[in-house]
Structures are given as structure tokens and as C-alpha cells.
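Participant: Got final.cif for you, mmCIF, C-alpha atoms and all ligand atoms:
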data_run
loop_
_atom_site.label_atom_id
_atom_site.label_comp_id
_atom_site.auth_asym_id
_atom_site.auth_seq_id
_atom_site.Cartn_x
_atom_site.Cartn_y
_atom_site.Cartn_z
CA MET P 24 62.77 -44.66 53.40
CA PRO P 25 64.44 -43.41 50.25
CA LEU P 26 62.99 -44.62 46.95
CA LYS P 27 64.95 -47.32 45.17
CA ARG P 28 67.37 -46.27 42.46
CA ASN P 29 65.61 -48.18 39.69
CA VAL P 30 65.28 -46.26 36.47
CA SER P 31 62.40 -47.53 34.40
CA PHE P 32 62.71 -48.06 30.68
CA TRP P 33 60.32 -45.15 29.96
CA GLU P 34 62.03 -42.85 32.41
CA GLY P 35 65.26 -43.48 30.53
CA LEU P 36 63.68 -43.00 27.09
CA LYS P 37 62.25 -39.64 28.19
CA TYR P 38 65.71 -38.30 29.02
CA LYS P 39 66.62 -35.53 26.54
CA GLY P 40 69.92 -36.88 25.32
CA GLY P 41 69.10 -35.78 21.76
CA GLY P 42 70.61 -37.09 18.52
CA PRO P 43 73.57 -38.95 20.02
CA MET P 44 71.39 -40.85 22.51
CA TRP P 45 68.89 -41.79 19.80
CA ALA P 46 71.70 -42.99 17.54
CA TRP P 47 72.68 -45.40 20.29
CA ILE P 48 69.09 -46.57 20.90
CA LEU P 49 68.63 -47.15 17.16
CA HIS P 50 71.94 -48.97 17.05
CA ARG P 51 70.84 -51.43 19.71
CA LEU P 52 67.36 -51.84 18.21
CA SER P 53 68.75 -52.38 14.72
CA GLY P 54 71.39 -54.81 16.05
CA LEU P 55 68.72 -56.90 17.78
CA GLY P 56 66.52 -56.47 14.69
CA ILE P 57 69.23 -57.88 12.39
CA LEU P 58 69.60 -60.83 14.75
CA LEU P 59 65.86 -61.45 14.48
CA PHE P 60 65.78 -61.04 10.67
CA VAL P 61 68.69 -63.41 10.11
CA GLY P 62 67.09 -65.84 12.57
CA LEU P 63 63.79 -65.76 10.67
CA HIS P 64 65.57 -66.25 7.38
CA VAL P 65 67.50 -69.27 8.61
CA LEU P 66 64.39 -70.68 10.28
CA ALA P 67 62.34 -70.36 7.09
CA ALA P 68 65.00 -72.07 4.97
CA PHE P 69 65.35 -74.83 7.58
CA LEU P 70 61.60 -75.48 7.81
CA THR P 71 61.17 -75.57 4.04
CA ALA P 72 64.20 -77.73 3.28
CA GLN P 73 63.83 -80.14 6.22
CA PHE P 74 60.09 -80.60 6.43
CA GLY P 75 58.75 -78.94 3.30
CA SER P 76 56.46 -77.16 5.76
CA ASP P 77 54.09 -74.34 4.88
CA ALA P 78 55.28 -72.37 7.89
CA GLY P 79 58.59 -71.77 6.12
CA ILE P 80 56.79 -70.38 3.11
CA ALA P 81 54.56 -68.24 5.32
CA ILE P 82 57.64 -66.71 6.98
CA ASN P 83 59.16 -66.02 3.57
CA VAL P 84 56.03 -64.28 2.35
CA VAL P 85 56.32 -61.85 5.25
CA TYR P 86 60.09 -61.63 5.00
CA GLU P 87 60.08 -60.82 1.30
CA SER P 88 57.22 -58.33 1.43
CA TRP P 89 58.34 -54.86 0.39
CA ALA P 90 57.38 -53.25 3.73
CA PHE P 91 59.49 -55.76 5.64
CA GLN P 92 62.38 -55.31 3.22
CA ILE P 93 62.36 -51.57 3.88
CA ILE P 94 62.61 -52.15 7.63
CA VAL P 95 65.37 -54.74 7.21
CA TYR P 96 67.21 -52.46 4.83
CA PHE P 97 67.04 -49.46 7.16
CA SER P 98 68.21 -51.53 10.12
CA ILE P 99 71.24 -52.91 8.33
CA LEU P 100 72.18 -49.63 6.68
CA PHE P 101 71.83 -47.64 9.90
CA HIS P 102 73.66 -50.26 11.98
CA ALA P 103 76.55 -50.42 9.52
CA ILE P 104 77.04 -46.66 9.06
CA ASN P 105 76.51 -45.82 12.72
CA GLY P 106 78.80 -48.72 13.64
CA LEU P 107 81.51 -47.19 11.43
CA ARG P 108 81.08 -43.86 13.21
CA VAL P 109 81.47 -45.54 16.61
CA ILE P 110 84.55 -47.43 15.40
CA VAL P 111 86.20 -44.25 14.07
CA LEU P 112 85.48 -42.34 17.30
CA ASP P 113 86.71 -45.26 19.41
CA PHE P 114 90.01 -45.33 17.54
CA TRP P 115 90.51 -41.55 17.56
CA PRO P 116 88.90 -40.19 20.75
CA ALA P 117 90.12 -36.67 19.89
CA LEU P 118 87.44 -36.65 17.17
CA LEU P 119 84.75 -36.96 19.87
CA GLU P 120 84.86 -33.17 20.10
CA TYR P 121 83.11 -33.33 16.72
CA GLU P 122 80.42 -35.80 17.80
CA ARG P 123 77.61 -33.55 16.56
CA GLU P 124 79.20 -33.16 13.14
CA ALA P 125 79.82 -36.92 13.01
CA ILE P 126 76.12 -37.57 13.60
CA TRP P 127 75.17 -35.12 10.84
CA ALA P 128 77.68 -36.69 8.47
CA GLU P 129 76.27 -40.10 9.24
CA TRP P 130 72.69 -39.08 8.43
CA SER P 131 73.83 -37.33 5.27
CA VAL P 132 75.14 -40.70 4.07
CA ILE P 133 72.19 -42.76 5.32
CA VAL P 134 69.31 -40.60 4.07
CA PRO P 135 70.20 -40.50 0.33
CA ILE P 136 71.15 -44.19 0.13
CA PHE P 137 68.07 -45.24 2.07
CA GLY P 138 65.85 -42.86 0.10
CA LEU P 139 67.04 -44.14 -3.26
CA ALA P 140 66.65 -47.81 -2.31
CA THR P 141 63.24 -47.22 -0.76
CA TYR P 142 62.13 -45.43 -3.92
CA ILE P 143 63.23 -48.39 -6.04
CA ILE P 144 61.64 -50.96 -3.73
CA ILE P 145 58.32 -49.10 -3.66
CA THR P 146 58.11 -48.34 -7.38
CA LYS P 147 58.91 -51.99 -8.16
CA ALA P 148 56.32 -53.18 -5.66
CA LEU P 149 53.64 -50.90 -7.09
CA GLY P 150 54.63 -51.37 -10.73
CA GLY P 151 54.49 -55.18 -10.29
CA MET W 6 56.43 -13.24 32.40
CA GLN W 7 54.38 -15.97 34.00
CA VAL W 8 56.07 -19.31 34.43
CA THR W 9 54.74 -22.68 35.55
CA LEU W 10 57.06 -24.94 37.41
CA LYS W 11 56.10 -28.60 37.62
CA VAL W 12 58.09 -30.16 40.42
CA TYR W 13 58.69 -33.78 41.39
CA ARG W 14 57.66 -34.35 45.00
CA TYR W 15 58.42 -37.22 47.31
CA ASN W 16 58.12 -37.08 51.07
CA PRO W 17 59.48 -40.28 52.63
CA GLU W 18 57.37 -39.79 55.79
CA LYS W 19 54.05 -39.54 53.98
CA ASP W 20 54.24 -40.73 50.39
CA LYS W 21 54.38 -44.24 49.02
CA LYS W 22 54.93 -42.94 45.52
CA PRO W 23 56.26 -39.66 44.11
CA HIS W 24 53.89 -37.13 42.52
CA TYR W 25 54.16 -33.73 40.84
CA ASP W 26 53.11 -30.30 42.14
CA THR W 27 52.63 -27.33 39.85
CA PHE W 28 53.48 -23.78 40.91
CA THR W 29 52.78 -20.59 38.99
CA LEU W 30 54.90 -17.51 39.52
CA GLU W 31 56.14 -14.30 37.93
CA ALA W 32 59.70 -14.54 36.66
CA ASP W 33 62.23 -12.60 34.69
CA PRO W 34 63.64 -14.35 31.58
CA THR W 35 67.15 -13.82 32.94
CA GLU W 36 66.42 -15.39 36.30
CA ARG W 37 67.71 -18.85 37.00
CA VAL W 38 65.61 -21.92 37.75
CA LEU W 39 67.25 -21.96 41.19
CA ASP W 40 65.88 -18.46 41.88
CA LEU W 41 62.37 -19.70 41.12
CA MET W 42 62.76 -22.67 43.42
CA GLU W 43 64.04 -20.45 46.21
CA ARG W 44 61.02 -18.21 45.74
CA ILE W 45 58.61 -21.14 45.86
CA LYS W 46 60.29 -22.43 49.01
CA GLY W 47 60.25 -18.98 50.62
CA LEU W 48 56.78 -17.77 49.65
CA GLN W 49 54.61 -20.66 48.46
CA ASP W 50 55.65 -24.00 49.95
CA GLY W 51 58.37 -24.23 52.58
CA THR W 52 58.49 -28.03 52.35
CA LEU W 53 60.05 -28.01 48.86
CA THR W 54 63.43 -29.65 49.34
CA PHE W 55 66.59 -29.35 47.26
CA ARG W 56 70.32 -28.90 47.72
CA ARG W 57 72.16 -25.75 46.88
CA SER W 58 75.12 -23.97 48.32
CA CYS W 59 77.19 -21.63 46.17
CA ALA W 60 74.43 -20.67 43.69
CA HIS W 61 77.24 -19.91 41.23
CA GLY W 62 77.97 -23.18 39.48
CA ILE W 63 80.96 -24.25 41.50
CA CYS W 64 79.89 -26.41 44.48
CA GLY W 65 78.08 -29.05 42.43
CA SER W 66 75.07 -29.33 44.77
CA ASP W 67 72.11 -28.61 42.55
CA ALA W 68 72.29 -30.96 39.59
CA MET W 69 68.73 -31.89 38.63
CA ARG W 70 66.69 -32.84 35.59
CA ILE W 71 65.30 -29.65 34.12
CA ASN W 72 62.95 -30.24 31.20
CA GLY W 73 64.26 -33.77 30.90
CA MET W 74 67.97 -33.04 30.88
CA ASN W 75 70.54 -32.90 33.66
CA ARG W 76 71.67 -29.35 34.46
CA LEU W 77 72.63 -27.16 37.40
CA ALA W 78 69.59 -25.15 38.52
CA CYS W 79 71.93 -22.25 39.33
CA LYS W 80 73.28 -22.11 35.76
CA THR W 81 70.00 -22.57 33.89
CA LEU W 82 68.20 -19.40 32.83
CA VAL W 83 64.44 -19.29 32.45
CA GLN W 84 64.84 -17.93 28.90
CA ASP W 85 66.85 -21.02 27.94
CA VAL W 86 64.17 -23.51 29.01
CA GLY W 87 60.91 -21.64 28.38
CA LYS W 88 57.75 -20.83 30.31
CA LYS W 89 56.88 -24.40 31.16
CA ILE W 90 59.56 -25.89 33.35
CA THR W 91 59.67 -29.39 34.80
CA VAL W 92 62.10 -30.14 37.58
CA GLU W 93 62.93 -33.70 38.66
CA PRO W 94 65.74 -35.37 40.61
CA ILE W 95 68.67 -36.88 38.71
CA LEU W 96 68.21 -40.53 37.70
CA GLY W 97 69.80 -43.67 39.06
CA LEU W 98 70.42 -42.63 42.67
CA PRO W 99 67.92 -43.29 45.50
CA VAL W 100 65.58 -40.34 46.05
CA ILE W 101 65.59 -39.23 49.70
CA LYS W 102 63.20 -36.28 49.42
CA ASP W 103 62.02 -34.21 46.45
CA MET W 104 65.19 -33.23 44.55
CA ILE W 105 67.58 -34.70 47.11
CA VAL W 106 69.18 -38.00 46.14
CA ASP W 107 71.56 -40.20 48.09
CA MET W 108 74.96 -39.31 46.61
CA GLU W 109 76.86 -41.97 48.55
CA PRO W 110 76.98 -44.58 45.73
CA PHE W 111 78.33 -41.83 43.47
CA PHE W 112 81.10 -40.89 45.91
CA GLU W 113 81.90 -44.55 46.51
CA SER W 114 82.67 -44.90 42.78
CA TYR W 115 84.67 -41.68 42.93
CA ARG W 116 86.82 -42.99 45.80
CA SER W 117 87.37 -46.31 44.04
CA VAL W 118 89.62 -44.76 41.37
CA MET W 119 92.10 -43.19 43.85
CA PRO W 120 91.32 -39.57 42.97
CA TYR W 121 94.34 -38.12 44.75
CA PHE W 122 97.98 -37.42 43.94
CA ILE W 123 100.32 -40.37 44.39
CA ASN W 124 104.10 -40.02 44.16
CA ASN W 125 106.34 -41.98 46.48
CA ASP W 126 109.60 -40.16 45.61
CA PRO W 127 110.97 -37.96 48.41
CA PRO W 128 109.53 -34.45 47.94
CA PRO W 129 111.92 -32.11 46.11
CA ASN W 130 113.09 -28.87 47.73
CA GLY W 131 110.80 -26.69 45.66
CA GLU W 132 107.78 -27.65 43.62
CA ARG W 133 107.35 -30.74 41.47
CA LEU W 134 107.95 -29.15 38.10
CA GLN W 135 105.95 -29.81 34.96
CA SER W 136 106.02 -28.17 31.52
CA PRO W 137 103.02 -26.13 30.31
CA GLU W 138 102.33 -28.91 27.77
CA GLU W 139 102.34 -31.55 30.50
CA ARG W 140 99.94 -29.44 32.55
CA GLU W 141 97.73 -28.87 29.52
CA ARG W 142 97.41 -32.63 28.97
CA PHE W 143 94.87 -33.06 31.78
CA ASP W 144 93.61 -29.48 32.10
CA ASP W 145 90.07 -30.30 30.94
CA THR W 146 89.46 -32.95 33.59
CA THR W 147 90.64 -30.72 36.47
CA LYS W 148 87.43 -28.71 36.09
CA CYS W 149 85.05 -31.30 37.55
CA ILE W 150 82.87 -30.16 40.47
CA LEU W 151 81.43 -33.63 41.25
CA CYS W 152 77.85 -32.64 40.56
CA ALA W 153 76.95 -36.10 39.18
CA ALA W 154 75.10 -34.65 36.18
CA CYS W 155 77.16 -36.84 33.85
CA THR W 156 77.00 -40.15 35.71
CA THR W 157 73.24 -39.89 36.25
CA SER W 158 72.64 -39.09 32.55
CA CYS W 159 74.32 -42.32 31.45
CA PRO W 160 72.11 -45.24 30.28
CA SER W 161 74.87 -47.69 31.23
CA PHE W 162 74.78 -46.34 34.78
CA TRP W 163 70.97 -46.46 34.83
CA ALA W 164 71.15 -50.11 33.82
CA ASN W 165 73.78 -51.01 36.41
CA GLY W 166 74.70 -48.79 39.34
CA LYS W 167 77.97 -50.63 39.85
CA TYR W 168 79.43 -49.00 36.71
CA VAL W 169 81.92 -46.43 38.07
CA GLY W 170 80.45 -43.88 35.69
CA PRO W 171 81.77 -40.93 33.69
CA SER W 172 82.54 -38.70 36.67
CA ALA W 173 84.85 -41.23 38.35
CA ILE W 174 86.62 -41.80 35.01
CA VAL W 175 87.05 -38.04 34.52
CA ASN W 176 88.65 -37.78 37.96
CA ALA W 177 90.89 -40.78 37.30
CA HIS W 178 91.89 -39.22 33.96
CA ARG W 179 92.97 -36.07 35.82
CA PHE W 180 95.68 -38.09 37.65
CA ILE W 181 96.42 -40.79 35.06
CA PHE W 182 97.68 -38.14 32.61
CA ASP W 183 99.48 -36.00 35.22
CA SER W 184 103.23 -36.38 34.56
CA ARG W 185 103.96 -35.98 38.30
CA ASP W 186 101.73 -38.84 39.40
CA GLN W 187 102.96 -42.44 39.65
CA ALA W 188 99.81 -44.54 40.05
CA ALA W 189 98.46 -44.49 36.49
CA LYS W 190 98.97 -48.23 36.18
CA GLU W 191 96.85 -49.09 39.24
CA ARG W 192 94.08 -46.74 38.14
CA LEU W 193 94.07 -48.17 34.62
CA GLU W 194 93.83 -51.66 36.10
CA ILE W 195 90.77 -50.66 38.13
CA LEU W 196 89.16 -49.04 35.10
CA ALA W 197 89.88 -52.05 32.87
CA GLY W 198 87.76 -54.17 35.22
CA GLN W 199 84.21 -55.42 34.89
CA PHE W 200 82.58 -52.15 36.00
CA GLY W 201 85.12 -49.83 34.40
CA VAL W 202 85.42 -47.97 31.10
CA TYR W 203 84.14 -50.76 28.87
CA ARG W 204 80.60 -50.19 30.16
CA CYS W 205 80.80 -46.94 28.16
CA ARG W 206 78.96 -47.28 24.82
CA THR W 207 79.96 -43.82 23.51
CA ILE W 208 76.38 -42.57 24.01
CA PHE W 209 77.53 -38.98 24.75
CA ASN W 210 74.81 -37.99 27.26
CA CYS W 211 77.52 -37.24 29.85
CA THR W 212 79.33 -34.69 27.70
CA LEU W 213 76.10 -32.88 26.85
CA ALA W 214 75.07 -32.80 30.53
CA CYS W 215 78.34 -31.50 32.00
CA PRO W 216 77.89 -27.94 33.31
CA ARG W 217 81.67 -27.45 33.14
CA ASP W 218 81.78 -28.36 29.44
CA ILE W 219 84.30 -31.11 30.05
CA GLN W 220 84.85 -33.35 26.99
CA ILE W 221 83.92 -36.39 29.05
CA THR W 222 83.42 -38.99 26.31
CA LYS W 223 86.78 -37.97 24.88
CA ALA W 224 88.43 -38.40 28.29
CA ILE W 225 86.86 -41.86 28.62
CA GLY W 226 88.07 -42.67 25.10
CA GLU W 227 91.61 -41.63 26.06
CA VAL W 228 91.50 -43.89 29.11
CA LYS W 229 90.28 -46.81 26.93
CA GLU W 230 93.13 -46.07 24.53
CA ALA W 231 95.69 -45.99 27.37
CA ILE W 232 94.43 -49.37 28.61
CA ALA W 233 94.57 -50.86 25.10
CA THR W 234 98.01 -49.52 24.14
CA GLY W 235 99.68 -49.25 27.57
CA LYS W 236 100.85 -45.77 26.51
CA LEU W 237 100.07 -42.45 28.14
CA ASP W 238 100.61 -39.90 25.38
C1 LIG L 1 77.51 -54.29 8.87
C2 LIG L 1 78.40 -54.72 9.70
C3 LIG L 1 78.33 -54.35 11.16
C4 LIG L 1 79.01 -53.32 11.76
C5 LIG L 1 79.99 -52.34 11.09
C6 LIG L 1 78.66 -53.36 13.17
C7 LIG L 1 79.19 -52.53 14.13
C8 LIG L 1 78.88 -52.57 15.46
C9 LIG L 1 79.57 -51.83 16.49
C10 LIG L 1 80.77 -50.91 16.29
C11 LIG L 1 78.96 -52.11 17.68
C12 LIG L 1 79.35 -51.53 19.03
C13 LIG L 1 78.48 -50.37 19.35
C14 LIG L 1 78.79 -49.72 20.63
O1 LIG L 1 79.67 -50.16 21.39
O2 LIG L 1 78.15 -48.70 20.91
C15 LIG L 1 77.86 -53.02 17.40
C16 LIG L 1 76.97 -53.48 18.34
C17 LIG L 1 75.99 -54.42 18.12
N1 LIG L 1 75.79 -55.10 16.93
FE1 LIG L 1 76.70 -54.70 15.17
N2 LIG L 1 77.74 -54.34 13.40
C18 LIG L 1 77.50 -54.98 12.20
C19 LIG L 1 76.65 -56.06 11.99
C20 LIG L 1 75.82 -56.63 12.98
C21 LIG L 1 74.99 -57.78 12.76
C22 LIG L 1 74.92 -58.59 11.48
C23 LIG L 1 74.29 -57.99 13.95
C24 LIG L 1 73.27 -59.02 14.28
C25 LIG L 1 73.45 -60.30 14.07
C26 LIG L 1 74.71 -56.97 14.89
C27 LIG L 1 74.23 -56.84 16.18
C28 LIG L 1 74.72 -55.97 17.12
C29 LIG L 1 74.22 -55.83 18.49
C30 LIG L 1 73.06 -56.59 19.12
C31 LIG L 1 75.03 -54.87 19.10
C32 LIG L 1 74.92 -54.35 20.55
C33 LIG L 1 74.38 -52.98 20.56
C34 LIG L 1 74.77 -52.17 21.75
O3 LIG L 1 75.76 -52.45 22.44
O4 LIG L 1 74.08 -51.21 22.02
N3 LIG L 1 75.65 -56.17 14.27
N4 LIG L 1 77.85 -53.28 16.04
S1 LIG L 2 82.45 -34.27 34.80
FE1 LIG L 2 81.04 -32.50 34.64
S2 LIG L 2 78.97 -33.43 34.86
FE2 LIG L 2 80.42 -34.95 35.60
S3 LIG L 2 80.52 -34.64 37.83
FE3 LIG L 2 82.21 -33.43 36.90
S4 LIG L 2 81.34 -31.37 36.56
FE4 LIG L 2 79.59 -32.75 36.95
S1 LIG L 3 74.44 -24.24 43.89
FE1 LIG L 3 76.58 -24.65 43.74
S2 LIG L 3 76.71 -25.46 41.72
FE2 LIG L 3 74.67 -24.74 41.76
#
Can you present the structure in this file as C-alpha cells?
Facilitator:
Amino acid sequence: MPLKRNVSFWEGLKYKGGGPMWAWILHRLSGLGILLFVGLHVLAAFLTAQFGSDAGIAINVVYESWAFQIIVYFSILFHAINGLRVIVLDFWPALLEYEREAIWAEWSVIVPIFGLATYIIITKALGG
Amino acid sequence: MQVTLKVYRYNPEKDKKPHYDTFTLEADPTERVLDLMERIKGLQDGTLTFRRSCAHGICGSDAMRINGMNRLACKTLVQDVGKKITVEPILGLPVIKDMIVDMEPFFESYRSVMPYFINNDPPPNGERLQSPEERERFDDTTKCILCAACTTSCPSFWANGKYVGPSAIVNAHRFIFDSRDQAAKERLEILAGQFGVYRCRTIFNCTLACPRDIQITKAIGEVKEAIATGKLD
């Protein structure tokens, strides 16, 4: 009997697709992440406004903590910039010959913007 | 130099689950992974099972995962992958034995895109002429050897085996953009369907895996564009 074709999640993650494959994985994770963040935000506002419940405030304390803000910020920034790359390559497939360069260009935009914002968030958090 | 080869093993008559065997052997940096496997089969363990035919990168028999990435064993030099080599079957097709997978689902997808020349006009006296530019238009996708390295590197295909996959799209592209062919419309209709090109998420694993260096993601993009615009230029 041949083995079934099922590819496990880990088997897939171990595949050496390199930068392009990881950009896609991060895109999906950050997309689902944004959905979760926005959901939490709406839920917190709803709980506080509707029931004046402490749960809403508890969510907000986590949501507004600087560590959480950094994660949210990275997810949105990465998703937006990577999304623009995918859109450009979808519209002009000829540019796909420069996929590697496109990935480098993308990170060269993301890293400085993310670095600067993270620096500000952290110094503010530590400086009070 | 001394090389260790860790090989995926599955014997359908004995094993419930696959396991790995490790072989140690002397190898030259310029030898190919296929040479090492031949040597293991000949001198160390005759039960090691894998496909190969041409041994020169043209028959498409020996696509496998070498150090985690799909490649042809006959085109992969030891010096390019290092002293520790892991060899596993390609993903997403049923494993029959060791490195041998059931290729039938792959060929079924291939057949589904009508990968042959269609032109119902009466044949001309000589050849069906085409300008060098018209020939150039689909040159890249004529190079496919149907090794399945691309399709089995694709996360969309891993998730759903009904996706026709990059290789079938490459072979459809080869006829869709051939000025002498008349069935582009039918092929585009097939590829616009539920298991066609829109399962492609521009992940790029296929292009990096292709031993023929075909710009696969670009070809898929061109097919998406042709479906969206109805134009073939
Ligand atoms: C900043 C604006 C945004 C841009 C430019 C953007 C762009 C994109 C693009 C182009 C894709 C398709 C990716 C692909 O086919 O490979 C995508 C997928 C996705 N987006 Fe966004 N997006 C944005 C905001 C959001 C938001 C706010 C959410 C969550 C509510 C979200 C969640 C997702 C999810 C879950 C996917 C599916 C990922 C996948 O197919 O792998 N996106 N986005
Ligand atoms: S497109 Fe390349 S990787 Fe895919 S089947 Fe053809 S030769 Fe193999
Ligand atoms: S044995 Fe023919 S392609 Fe490698």
C-alpha cells in the first residue's frame, strides 16, 4: 500500500523555499493576525460600552501594551508592504523575473520604518 | 571526502511508517547525488529504490527533495549541497517505495489542460509558418521535462491535490501562446476554474525548484493576465 499523499504542516514548513516562501507565510500569519487584532479591539470597545465590563478594560490593557503594539505594528506594516509587492507582480508578471530583488526592496522599506517606530515605542515605554 | 547520506525509507511490504537510513561513503565534490545513490544501491544496500533513466537532466525521472528542496539528483553536485545530505521523496504525491512516488495524479492534471497542438484548419502544403518573435513568445515553457519538482514544491498543491499545479500550467502556456494553435480559449477556460491558476498565491517555490530554470511564476502570471484581459499578447 502506498502512503497517503498528506503533507503535514511541519513537513511543509521544513521545505527550503527561502525568502519568497517565508514572505508568503508571514503574509498569511500577519493577515490572520490583523483579523484577530481588529476583532479584539472591537470586542473590547463593545464590552466596555455595552456592559461597562472589566473584561473590556483587561483586553485593552493587553492591547495597548508596548510589546503588543510592536507585534501589531509589524504585522500591519509587513502585510501592507508585502501586499503591495504581490499586487505589483500580479499586474506585471514580467517583473517576476526580479522576484529576489523585489523581496530585498521590500525588506529595505520595512526594516527602517519598523526600526524607527519600534525605537520610539520602546523609548516612550521606558521613559514613561 | 567523506559524505553521509540520510535517506528516507519506506517499504510497503514491511513498514507501517517511513524511517531514515544513514549511509557513509567516500565521494568526490564534483560527483552528483545520483552517483552516490547508485553506489549505495550497488555496494551497500540493493533495496534502495529510486527512479532514474537518462542521468543527464532530461528525462525528468529523479526529482527528489535534497536537503529540503526539490532538485534532480542527476543535476545536483555534492559540492553544492555539502557533506551532510538528506534525500527524501517529493511532497504531495503518494509514496510507493523509498523515493518512488505515484506520478499518476500529476499526469492526470497534465492531461487535463490539453497539452497537445490543436488546429482544425486543413494542413498547409509545407510547414505552419511562424515568425521568430512568435516562436520566442512561448520558448521558455517548451523546456519542461515533466519532472514534477515544481508542482510538488507548491504549498497550494500540498494543501489540495486537485489544484492542477505549476507544471500543468506551464504546459498549457506552451500552447496557449503558440500562434499556430487554436484552442487557447478552451485551455484558459479550464485554468480559470476552481482548481486552476487562481490557487496560485505567487509563492515562487516552483520557479526556484525548476531544474530547467523555467520562469514558472511568470508563466502562471501571464496565463492569469490572459484570463483577466482576454488578450494573448
Ligand atoms: C494595508 C492594506 C492591505 C493590503 C495592501 C493587503 C493586501 C493583500 C493582498 C495583495 C493579499 C493577497 C495575497 C496573495 O494572494 O498572496 C492579501 C491577503 C490577505 N489579507 Fe490583506 N491587505 C491589507 C489589509 C488586510 C487586513 C486589514 C486584513 C485583516 C482583516 C487582511 C487579511 C488578509 C488575509 C487573511 C489574507 C490571505 C492571505 C493568503 O492568501 O495567504 N489584509 N492582502
Ligand atoms: S516546469 Fe520545470 S520543475 Fe516543473 S515539471 Fe517542468 S521541468 Fe519540472
Ligand atoms: S535521471 Fe533523467 S532527469 Fe535525472
Participant: Just the residues within 10 Å of P:Arg108, please, counting all atoms listed in the file, with nothing from its chain fewer than 4 positions along; format it as an mmCIF file with C-alpha atoms, in the coordinates of the input.
Facilitator:
data_model
loop_
_atom_site.group_PDB
_atom_site.id
_atom_site.type_symbol
_atom_site.label_atom_id
_atom_site.label_comp_id
_atom_site.auth_asym_id
_atom_site.auth_seq_id
_atom_site.Cartn_x
_atom_site.Cartn_y
_atom_site.Cartn_z
ATOM 1 C CA HIS P 102 73.660 -50.260 11.980
ATOM 2 C CA ALA P 103 76.550 -50.420 9.520
ATOM 3 C CA ILE P 104 77.040 -46.660 9.060
ATOM 4 C CA LEU P 112 85.480 -42.340 17.300
ATOM 5 C CA ASP P 113 86.710 -45.260 19.410
ATOM 6 C CA GLU P 122 80.420 -35.800 17.800
ATOM 7 C CA ALA P 125 79.820 -36.920 13.010
ATOM 8 C CA ILE P 126 76.120 -37.570 13.600
ATOM 9 C CA ALA P 128 77.680 -36.690 8.470
ATOM 10 C CA GLU P 129 76.270 -40.100 9.240
#
Participant: Please provide the set of residues having any atom within 12 Å of P:Tyr121, restricted to all atoms listed in the file, with same-chain residues fewer than 2 positions apart removed, written as a ChimeraX atom specification.
Facilitator: /P:43,108,111-112,115-119,123-128 /W:209,212,220,222-223
Participant: Counting only C-alpha atoms, find residues at most 8 Å from (100.5, -37.0, 32.9) (file frame) and give them as a count of residues only.
Facilitator: 12
Participant: Let me have all residues with an atom within 6 Å of ligand LIG 3 (chain L), counting all atoms listed in the file, laid out as a list in words.
Facilitator: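 Using all atoms listed in the file, everything at most 6 Å from ligand LIG 3 (chain L) comes to Arg57, Ser58, Cys59, Ala60, His61, Gly62, Ile63, Cys64, Gly65, Ser66, Asp67, Leu77 and Cys79 of chain W.
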Participant: Of the candidates P:Gly56, P:Gly62, P:Gly138, P:Gly106, which one gets nearest to chain W if we count all atoms listed in the file?
Facilitator: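 Using all atoms listed in the file, the shortest distance to chain W belongs to P:Gly106.
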Participant: With distances taken over all atoms listed in the file, which residue among P:Gly75, P:Gly54, P:Gly150, P:Pro135 lies nearest ligand LIG 1 (chain L)?
Facilitator: P:Gly54
Participant: Compute the set of chain W residues within 6 Å of chain P, using only C-alpha atoms, and express it as a list in words.
Facilitator: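 On the chain W side, the interface is Pro17, Gly73, Met74, Gly97, Leu98, Pro99, Val100, Ile101, Trp163, Ile208, Asn210, Lys223 and Gly226 of chain W.
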Participant: Output C-alpha atoms of each residue in that selection to a file, as an mmCIF file, in the coordinates of the input.
Facilitator:
data_model
loop_
_atom_site.group_PDB
_atom_site.id
_atom_site.type_symbol
_atom_site.label_atom_id
_atom_site.label_comp_id
_atom_site.auth_asym_id
_atom_site.auth_seq_id
_atom_site.Cartn_x
_atom_site.Cartn_y
_atom_site.Cartn_z
ATOM 1 C CA PRO W 17 59.480 -40.280 52.630
ATOM 2 C CA GLY W 73 64.260 -33.770 30.900
ATOM 3 C CA MET W 74 67.970 -33.040 30.880
ATOM 4 C CA GLY W 97 69.800 -43.670 39.060
ATOM 5 C CA LEU W 98 70.420 -42.630 42.670
ATOM 6 C CA PRO W 99 67.920 -43.290 45.500
ATOM 7 C CA VAL W 100 65.580 -40.340 46.050
ATOM 8 C CA ILE W 101 65.590 -39.230 49.700
ATOM 9 C CA TRP W 163 70.970 -46.460 34.830
ATOM 10 C CA ILE W 208 76.380 -42.570 24.010
ATOM 11 C CA ASN W 210 74.810 -37.990 27.260
ATOM 12 C CA LYS W 223 86.780 -37.970 24.880
ATOM 13 C CA GLY W 226 88.070 -42.670 25.100
#
Participant: For ligand LIG 2 (chain L), which of W:Gly47, W:Pro216, W:Pro94, W:Gly166 is the closest residue, counting only C-alpha atoms and all ligand atoms?
Facilitator: W:Pro216
Participant: Of the candidates W:Val38, W:Cys152, W:Ile232, W:Leu53, which shows the shortest atom-to-atom distance to ligand LIG 2 (chain L), using all atoms listed in the file?
Facilitator: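 Comparing W:Val38, W:Cys152, W:Ile232, W:Leu53 against ligand LIG 2 (chain L), the winner is W:Cys152.
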Participant: What does the distance from atom O4 of ligand LIG 1 (chain L) to atom CA of W:Thr146 come to in Å, to one decimal?
Facilitator: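 Those two atoms sit 26.5 Å apart.
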